[in-house]
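Novice: Sharing a structure here in structure tokens format.
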Amino acid sequence: MSRILPLRLERVGYAAGGKTLVHDLDVMFEEGPRTVILGPNGAGKSLTLRLCHGLIQPTTGRIVWQGAASASAQRRQAMVFQRPVMLRRSVAANVDYALALAGVAAAERRARIADALEQTRLADLADRPARVLSIGEQQRLALARVWALQVEIVFLDEPTASLDPGATRAVEAIVNAMDAAGTKIVMTTHDLGQARRMADEILFLHQGRLIERAPVDEFFARPRTREAQAFVRGELLPI
Amino acid sequence: MSDLTAAFASALVFGLDADLGRIVLLSLRVSLSAVAIAAIIGLPLGAALAVFRFPGRRAIVIAVNAMMGLPPVVVGLIVYLLLSRAGPFGVFGLLFTPTAMIIAQAILIAPLIAALARQLVEDMWAEYEEQLRSLGAGAGRALWTLLWDGRFSLLTVVLAGFGRAIAEVGAVMIVGGNIDQVTRVMTTAIALETSKGDLALALGLGIILIALALAINATAFSINLVLRERQG
Amino acid sequence: MVRRTLLIAALLIVALPTAAADRFITVASTTSTQDSGLFGHILPLFRAKTGIEVRVVALGTGQAIKLAERGDADVLLVHHKPSEEKFVADGFGVKRLDVMYNDFVLIGPTADPAGIKNGRDIAAALAKIAATKAPFASRGDNSGTHLAELDLWKAAGIDAKAASTGWYRSLGSGMGPTLNTAAGMNAHVVSDRATWANFKNRQGLTILVEGDTRLFNQYGVVPVNPARHAHVKARDGQAFVDWLITPGGQAAIATYKIGGEQLFFPNAKKESS
């Protein structure tokens, strides 16, 4: 199967309400490294993910998926939101819904659901109503949905921001398992610790601009820009 | 006070009456059918107004909201003119039949169901939109997902429609004609007894009607509760 | 499971066929014949004899005539001769026949503020009501009773309409609701005797004037003209009209009583215009 990666953002900008929120992003996302988009609140991290995922359209520039497969790009990527949205049905049915939308045949869906729930340790809860799960379990279910979809790239928007440490650890483990299974990870966070744990490479965003891009070790050891240095030291940056 | 006592007495006595049984059944049949038809039309319409963005949407929303207050007598009159032998649908001979009453009540409550459903689904859409679009759901698919996910709340909407239908007298009186054993329902029977000056009997029938509405709402509420607990 | 059961139950109720006879006619008539219980008495007798179910839509005479003009009834049975004759003359009806009569009565407060109790002259009584500005409740709905009442005011030489913001109240309601309102206002009101006899919410009202020949209330029956409305069930409608004027039908009318009091008096002629 031809790949949709790499994903290229060419001078992508986004403005709303007369304000430019994302400026001239030129980025390439390639297979392999786990990319963490780091930055303070309001840096434009979420907007960048939404632009990539196609939930909003750039006001300038363009977003380019790879060649022949670009037409089906929407089906080969997924997004996990900070607050997962659970449909009012069982855990298994939530996964099934995503698969049905993706056009997966019913016979295959069953196997994929079982596998995804196994991977996210939700198998025991398969018949539970999704809405009564804890928030951590719900986020795992959101990941199960992505797992079952077998996408090439997943965008995760602060997936652990509302979780306690235990649930955070579980989510991070699943994300790493996805990475190991070959799914490209693009994740936002404002949490330095999580960035150190989860990133292979860091994109540092500030005030809607990409300020620095570096492998994780290099970024934390020798941040090049003043803003990144301040952020790594744990100082507050002006929004 | 003695009127009230007499009303309760006649409610008890007439509760066992065969004529009353027929009237109650017809009331239920007409209003439940009307609510079913109105829901089939109103729920998707309301959801569509919540999900789809198109020019003139706001005007339609306002119009549908305003039609929540359609006067039953006017609806009855319009349906009468349509179904009358001299009217465009006269050939079907539907006037003074339960079918005519169902049509009138469905027209009466479909806007109510659509307007309330629109509000409810719009709130849900705010929560669901990104997730559903991310999963690749088009607006049409999203619409059905929202209706299904909102089913417990939407039941209340449907019950509101049922309440308006079963309590309505103006429209069914005109298009049904209050014909004994054919189109007489609870409300028209109450109107008839009132015009005969038999206020106690009229009130007794009223008490039965209220009890009926209460029973239906209680049943729906309990089922809703059980299902909600089971499905979250 | 529960949902499926409910769905099936709902469908059953919706799909339930109407328990209706194949053979029926629709009669547009007045509230007085319905509310007095007359139809409840005579229609089962007709049905037993012919197998034809009669469905009655009870309205004011004016409304009933409009309904029949639109072809929504097979037979018209009302009580305002000039309107009925016009209905026939305009080609909507086949032929008008006298069926029965009763009479109107003037109802008013037992305290009798206008001083008209036990009078025999309806015009004089109405004149007194107007002179004392005693409250009067009018149907105001273009019904047979309303039209008759207007004729009575004319006979009394009083323009009641001019007083419609004061003591004369035009209600625009059926006989029953008008009596209810009159009882509440303690007002005078012209009613047909049958509705009054069957009326239970009398409060402080009683009959003040009756027996004047001008209070005569004739009911006529007209089969709707099939030449005008092809779908009209002319044969069964005619069967009902024929039965009403036979000795059998006339006797059925005569035997209907409330509290021993006969309410309608059959007076069909063999030949009528």
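Labels for the structure tokens follow display order: chains A, B, ..., residues from 1 in each chain, ligands from 1.
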Check stretch 10-235 of chain C with DSSP on the backbone and list each residue it calls alpha helix (DSSP H), as a ChimeraX atom specification.
Specialist: /C:10-15,31-35,38-50,61-69,81-89,122-132,144-156,175-185,193-197,234-235
Novice: With a cut-off of 7 Å and counting only C-alpha atoms, select all residues of chain C in contact with chain B and give the selection as a list of chain:residue names.
Specialist: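 Selected residues: C:Ile13, C:Val14, C:Asp35, C:Arg55, C:Val56, C:Val57, C:Arg70, C:Gly71, C:Asp72, C:Gly176, C:Pro177, C:Asn180, C:Asn198, C:Phe199, C:Lys200, C:Asn201.
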Novice: Go ahead and write the selection's residues with all heavy atoms as a compact mmCIF listing (two decimals), in the first residue's frame.
Specialist:
```
# COMPACT_ATOMS: atom_id res chain seq x y z
N ILE C 13 -51.47 -0.39 18.34
CA ILE C 13 -52.44 0.67 18.61
C ILE C 13 -52.64 1.52 17.38
O ILE C 13 -53.75 1.85 16.99
CB ILE C 13 -51.96 1.54 19.80
CG1 ILE C 13 -52.17 0.75 21.08
CG2 ILE C 13 -52.72 2.85 19.84
CD1 ILE C 13 -51.83 1.52 22.33
N VAL C 14 -51.54 1.83 16.70
CA VAL C 14 -51.62 2.67 15.52
C VAL C 14 -52.39 1.98 14.41
O VAL C 14 -53.19 2.57 13.70
CB VAL C 14 -50.20 3.05 15.05
CG1 VAL C 14 -50.25 3.73 13.70
CG2 VAL C 14 -49.55 3.96 16.07
N ASP C 35 -77.13 17.18 21.76
CA ASP C 35 -76.95 17.37 23.20
C ASP C 35 -78.18 16.93 23.98
O ASP C 35 -78.09 16.53 25.14
CB ASP C 35 -76.65 18.84 23.52
CG ASP C 35 -75.28 19.26 22.98
OD1 ASP C 35 -74.62 18.40 22.37
OD2 ASP C 35 -74.89 20.42 23.17
N ARG C 55 -73.67 8.75 11.28
CA ARG C 55 -72.65 9.51 12.02
C ARG C 55 -73.06 10.97 12.03
O ARG C 55 -73.22 11.59 10.98
CB ARG C 55 -71.29 9.36 11.35
CG ARG C 55 -70.83 7.91 11.32
CD ARG C 55 -69.47 7.79 10.74
NE ARG C 55 -69.03 6.40 10.82
CZ ARG C 55 -67.87 5.96 10.34
NH1 ARG C 55 -67.05 6.80 9.74
NH2 ARG C 55 -67.53 4.69 10.46
N VAL C 56 -73.22 11.48 13.24
CA VAL C 56 -73.72 12.84 13.37
C VAL C 56 -72.59 13.81 13.69
O VAL C 56 -71.83 13.58 14.62
CB VAL C 56 -74.77 12.92 14.49
CG1 VAL C 56 -75.28 14.35 14.63
CG2 VAL C 56 -75.93 11.98 14.19
N VAL C 57 -72.49 14.84 12.89
CA VAL C 57 -71.59 15.94 13.23
C VAL C 57 -72.48 17.09 13.68
O VAL C 57 -73.26 17.64 12.90
CB VAL C 57 -70.75 16.36 12.02
CG1 VAL C 57 -69.83 17.51 12.39
CG2 VAL C 57 -69.94 15.18 11.51
N ARG C 70 -70.35 22.04 1.26
CA ARG C 70 -69.05 21.57 0.78
C ARG C 70 -69.06 20.09 0.45
O ARG C 70 -68.06 19.53 0.03
CB ARG C 70 -67.99 21.83 1.84
CG ARG C 70 -67.76 23.29 2.15
CD ARG C 70 -66.64 23.46 3.15
NE ARG C 70 -65.38 22.95 2.62
CZ ARG C 70 -64.52 23.68 1.92
NH1 ARG C 70 -64.78 24.94 1.70
NH2 ARG C 70 -63.43 23.16 1.44
N GLY C 71 -70.21 19.46 0.70
CA GLY C 71 -70.32 18.04 0.37
C GLY C 71 -69.78 17.13 1.45
O GLY C 71 -69.50 15.96 1.22
N ASP C 72 -69.63 17.65 2.66
CA ASP C 72 -69.06 16.84 3.74
C ASP C 72 -70.11 16.11 4.55
O ASP C 72 -69.81 15.54 5.60
CB ASP C 72 -68.20 17.73 4.65
CG ASP C 72 -66.96 18.23 3.90
OD1 ASP C 72 -66.45 17.47 3.07
OD2 ASP C 72 -66.54 19.37 4.16
N GLY C 176 -74.87 24.83 24.61
CA GLY C 176 -74.42 24.41 25.94
C GLY C 176 -73.48 25.43 26.57
O GLY C 176 -73.72 25.92 27.67
N PRO C 177 -72.38 25.76 25.86
CA PRO C 177 -71.47 26.77 26.42
C PRO C 177 -72.17 28.09 26.73
O PRO C 177 -71.87 28.75 27.71
CB PRO C 177 -70.42 26.94 25.33
CG PRO C 177 -70.42 25.64 24.61
CD PRO C 177 -71.83 25.14 24.65
N ASN C 180 -73.95 27.68 29.93
CA ASN C 180 -72.97 27.71 31.02
C ASN C 180 -72.58 29.14 31.36
O ASN C 180 -72.52 29.53 32.53
CB ASN C 180 -71.71 26.94 30.63
CG ASN C 180 -71.84 25.44 30.88
OD1 ASN C 180 -72.49 25.02 31.84
ND2 ASN C 180 -71.24 24.64 30.01
N ASN C 198 -82.12 18.96 29.06
CA ASN C 198 -81.03 18.02 29.30
C ASN C 198 -79.84 18.71 29.96
O ASN C 198 -78.81 18.09 30.19
CB ASN C 198 -80.61 17.39 27.96
CG ASN C 198 -79.89 16.07 28.15
OD1 ASN C 198 -80.13 15.38 29.14
ND2 ASN C 198 -79.02 15.73 27.23
N PHE C 199 -79.99 20.00 30.26
CA PHE C 199 -78.85 20.78 30.76
C PHE C 199 -78.77 20.70 32.28
O PHE C 199 -79.76 20.88 32.98
CB PHE C 199 -79.00 22.24 30.31
CG PHE C 199 -77.81 23.10 30.64
CD1 PHE C 199 -76.63 22.95 29.94
CD2 PHE C 199 -77.87 24.05 31.64
CE1 PHE C 199 -75.53 23.74 30.22
CE2 PHE C 199 -76.77 24.82 31.94
CZ PHE C 199 -75.60 24.67 31.23
N LYS C 200 -77.57 20.44 32.79
CA LYS C 200 -77.48 20.13 34.21
C LYS C 200 -76.89 21.24 35.07
O LYS C 200 -77.02 21.23 36.27
CB LYS C 200 -76.63 18.86 34.39
CG LYS C 200 -77.23 17.67 33.66
CD LYS C 200 -76.77 16.36 34.23
CE LYS C 200 -77.51 15.20 33.60
NZ LYS C 200 -77.34 15.14 32.11
N ASN C 201 -76.26 22.22 34.43
CA ASN C 201 -75.57 23.25 35.21
C ASN C 201 -76.42 24.53 35.29
O ASN C 201 -76.00 25.60 34.92
CB ASN C 201 -74.20 23.54 34.56
CG ASN C 201 -73.41 24.58 35.31
OD1 ASN C 201 -73.50 24.66 36.55
ND2 ASN C 201 -72.65 25.39 34.60
```
Novice: Hey, what's within 10 Å of C:Ala252 if we count only C-alpha atoms and toss same-chain stuff fewer than 2 positions away? As an mmCIF file with C-alpha atoms, in the first residue's frame, please?
Specialist:
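Saved file selection-v5.cif follows:
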```
data_model
loop_
_atom_site.group_PDB
_atom_site.id
_atom_site.type_symbol
_atom_site.label_atom_id
_atom_site.label_comp_id
_atom_site.auth_asym_id
_atom_site.auth_seq_id
_atom_site.Cartn_x
_atom_site.Cartn_y
_atom_site.Cartn_z
ATOM 1 C CA LEU C 38 -82.469 12.546 20.714
ATOM 2 C CA HIS C 41 -82.430 7.392 21.144
ATOM 3 C CA ILE C 42 -83.540 7.184 17.507
ATOM 4 C CA LEU C 43 -80.386 6.248 15.583
ATOM 5 C CA LEU C 45 -83.633 2.103 16.020
ATOM 6 C CA PHE C 46 -82.868 3.178 12.445
ATOM 7 C CA LEU C 244 -87.750 9.873 9.730
ATOM 8 C CA THR C 246 -92.612 7.299 8.346
ATOM 9 C CA PRO C 247 -94.925 6.519 11.266
ATOM 10 C CA GLY C 248 -92.066 4.412 12.706
ATOM 11 C CA GLY C 249 -89.561 7.220 12.631
ATOM 12 C CA GLN C 250 -92.092 9.762 13.860
ATOM 13 C CA ALA C 254 -92.253 11.163 19.973
ATOM 14 C CA THR C 255 -91.198 8.528 22.484
ATOM 15 C CA TYR C 256 -87.956 10.294 23.443
ATOM 16 C CA PRO C 266 -93.100 14.899 15.091
#
```
Novice: Could the residues of chain B that have an atom at most 8 Å from chain A be listed as JSON lines, each with its closest atom pair and the distance in Å to one decimal, counting only C-alpha atoms and ordered by chain and ascending residue number?
Specialist:
```
{"residue": "B:Glu127", "atom": "CA", "partner": "A:Val85", "partner_atom": "CA", "distance": 7.4}
{"residue": "B:Tyr128", "atom": "CA", "partner": "A:Val85", "partner_atom": "CA", "distance": 6.5}
{"residue": "B:Glu130", "atom": "CA", "partner": "A:Leu55", "partner_atom": "CA", "distance": 6.9}
{"residue": "B:Gln131", "atom": "CA", "partner": "A:Val85", "partner_atom": "CA", "distance": 6.5}
{"residue": "B:Arg133", "atom": "CA", "partner": "A:Leu55", "partner_atom": "CA", "distance": 7.2}
{"residue": "B:Ser134", "atom": "CA", "partner": "A:Met79", "partner_atom": "CA", "distance": 6.5}
{"residue": "B:Leu135", "atom": "CA", "partner": "A:Ala98", "partner_atom": "CA", "distance": 6.0}
{"residue": "B:Gly136", "atom": "CA", "partner": "A:Leu101", "partner_atom": "CA", "distance": 6.4}
{"residue": "B:Ala137", "atom": "CA", "partner": "A:Leu101", "partner_atom": "CA", "distance": 6.5}
{"residue": "B:Asp149", "atom": "CA", "partner": "A:Arg88", "partner_atom": "CA", "distance": 5.2}
{"residue": "B:Arg230", "atom": "CA", "partner": "A:Pro129", "partner_atom": "CA", "distance": 7.2}
{"residue": "B:Gln231", "atom": "CA", "partner": "A:Pro129", "partner_atom": "CA", "distance": 4.9}
{"residue": "B:Gly232", "atom": "CA", "partner": "A:Pro129", "partner_atom": "CA", "distance": 4.9}
```
Novice: Quick one, how far is atom CA of B:Val61 from atom CA of B:Leu132?
Specialist: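 Separating atom CA of B:Val61 from atom CA of B:Leu132 is a distance of 23.5 Å.
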Novice: Which residues are near A:Asp115? Cut-off 12 Å, only C-alpha atoms, ignore same chain within fewer than 2 positions. Put them as an MDAnalysis selection string.
Specialist: chainID A and resid 92 95 108:113 117:123 126 144:150
Novice: Please, could you write that set of residues out with N, CA, C and O atoms as a short mmCIF file (atom, residue, chain, number, x, y, z; two decimals), in the first residue's frame?
Specialist:
```cif
data_model
loop_
_atom_site.label_atom_id
_atom_site.label_comp_id
_atom_site.auth_asym_id
_atom_site.auth_seq_id
_atom_site.Cartn_x
_atom_site.Cartn_y
_atom_site.Cartn_z
N ALA A 92 -17.33 -1.46 23.18
CA ALA A 92 -17.05 -2.14 21.90
C ALA A 92 -17.75 -1.42 20.75
O ALA A 92 -17.20 -1.26 19.66
N VAL A 95 -15.93 1.55 19.35
CA VAL A 95 -14.88 1.20 18.40
C VAL A 95 -15.51 0.79 17.07
O VAL A 95 -15.06 1.18 15.99
N GLU A 108 -14.43 -8.28 9.65
CA GLU A 108 -13.10 -7.89 10.10
C GLU A 108 -13.18 -7.02 11.35
O GLU A 108 -12.26 -7.01 12.18
N ARG A 109 -14.29 -6.30 11.46
CA ARG A 109 -14.41 -5.37 12.58
C ARG A 109 -14.28 -6.07 13.92
O ARG A 109 -13.60 -5.61 14.83
N ARG A 110 -14.93 -7.24 14.01
CA ARG A 110 -14.93 -7.96 15.29
C ARG A 110 -13.51 -8.25 15.77
O ARG A 110 -13.17 -8.00 16.92
N ALA A 111 -12.69 -8.73 14.87
CA ALA A 111 -11.31 -9.07 15.24
C ALA A 111 -10.54 -7.82 15.64
O ALA A 111 -9.80 -7.81 16.63
N ARG A 112 -10.74 -6.77 14.89
CA ARG A 112 -10.01 -5.53 15.18
C ARG A 112 -10.44 -4.94 16.52
O ARG A 112 -9.62 -4.41 17.26
N ILE A 113 -11.75 -5.03 16.82
CA ILE A 113 -12.24 -4.51 18.10
C ILE A 113 -11.58 -5.28 19.25
O ILE A 113 -11.07 -4.69 20.21
N LEU A 117 -9.17 -3.52 22.01
CA LEU A 117 -9.54 -3.48 23.42
C LEU A 117 -8.52 -4.22 24.27
O LEU A 117 -8.25 -3.84 25.41
N GLU A 118 -7.93 -5.26 23.68
CA GLU A 118 -6.87 -6.00 24.36
C GLU A 118 -5.67 -5.07 24.57
O GLU A 118 -5.13 -4.96 25.67
N GLN A 119 -5.26 -4.39 23.52
CA GLN A 119 -4.10 -3.51 23.57
C GLN A 119 -4.29 -2.36 24.57
O GLN A 119 -3.32 -1.88 25.15
N THR A 120 -5.54 -1.93 24.74
CA THR A 120 -5.78 -0.78 25.62
C THR A 120 -6.30 -1.26 26.98
O THR A 120 -6.76 -0.45 27.79
N ARG A 121 -6.26 -2.55 27.19
CA ARG A 121 -6.69 -3.19 28.44
C ARG A 121 -8.14 -2.79 28.81
O ARG A 121 -8.45 -2.47 29.94
N LEU A 122 -8.98 -2.81 27.80
CA LEU A 122 -10.40 -2.50 28.02
C LEU A 122 -11.28 -3.71 27.74
O LEU A 122 -12.51 -3.61 27.79
N ALA A 123 -10.65 -4.86 27.45
CA ALA A 123 -11.42 -6.04 27.03
C ALA A 123 -12.51 -6.40 28.04
O ALA A 123 -13.63 -6.75 27.66
N ALA A 126 -15.73 -4.30 27.68
CA ALA A 126 -16.25 -4.19 26.32
C ALA A 126 -17.75 -3.87 26.26
O ALA A 126 -18.20 -3.11 25.41
N ALA A 144 -8.18 3.20 21.71
CA ALA A 144 -8.59 1.92 21.13
C ALA A 144 -9.22 2.13 19.76
O ALA A 144 -9.00 1.37 18.82
N ARG A 145 -10.03 3.20 19.67
CA ARG A 145 -10.65 3.55 18.39
C ARG A 145 -9.57 3.75 17.32
O ARG A 145 -9.67 3.23 16.20
N VAL A 146 -8.53 4.49 17.71
CA VAL A 146 -7.45 4.78 16.77
C VAL A 146 -6.70 3.49 16.43
O VAL A 146 -6.38 3.22 15.28
N TRP A 147 -6.46 2.70 17.47
CA TRP A 147 -5.73 1.44 17.26
C TRP A 147 -6.46 0.58 16.23
O TRP A 147 -5.85 0.05 15.30
N ALA A 148 -7.78 0.45 16.42
CA ALA A 148 -8.55 -0.41 15.53
C ALA A 148 -8.54 0.11 14.10
O ALA A 148 -8.59 -0.67 13.15
N LEU A 149 -8.44 1.42 13.97
CA LEU A 149 -8.49 2.01 12.62
C LEU A 149 -7.21 1.72 11.83
O LEU A 149 -7.19 1.86 10.61
N GLN A 150 -6.15 1.33 12.53
CA GLN A 150 -4.86 1.00 11.90
C GLN A 150 -4.40 2.12 10.97
O GLN A 150 -4.15 1.90 9.79
#
```
Novice: Per DSSP on the backbone, what are the strand (DSSP E or B) residues of stretch 30-268 of chain C, as a PyMOL selection string?
Specialist: chain C and resi 30+53-59+75-78+93+97-109+119+136-138+168-170+188-192+205-209+216-224+257-258+261-262+265-266
Novice: Please provide as a list in words all residues within 12 Å of C:Leu205, with the sequence filter that same-chain residues fewer than 3 positions apart are discarded (counting only C-alpha atoms).
Specialist: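 After dropping sequence-adjacent residues, the list is Val105, Leu106, Ile107, Gly108, Pro109, Thr110, Ala111, Asp112, Pro113, Lys117, Leu179, Asn180, Thr181, Ala182, Ala183, Gly184, Met185, Asn186, Ala187, His188, Val189, Val190, Ser191, Trp196, Phe199, Lys200, Asn201, Arg202 and Leu208 of chain C.
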Novice: Set the distance at 10 Å and use only C-alpha atoms: which residues neighbour C:Asp212 once local chain neighbours fewer than 3 positions away are removed? I'd like the list as a list in words.
Specialist: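 Here the answer would be Asp103, Phe104, Val105, Gly119, Arg120, Asp121, Ile122, Ala123, Val209, Leu215 and Phe216 of chain C.
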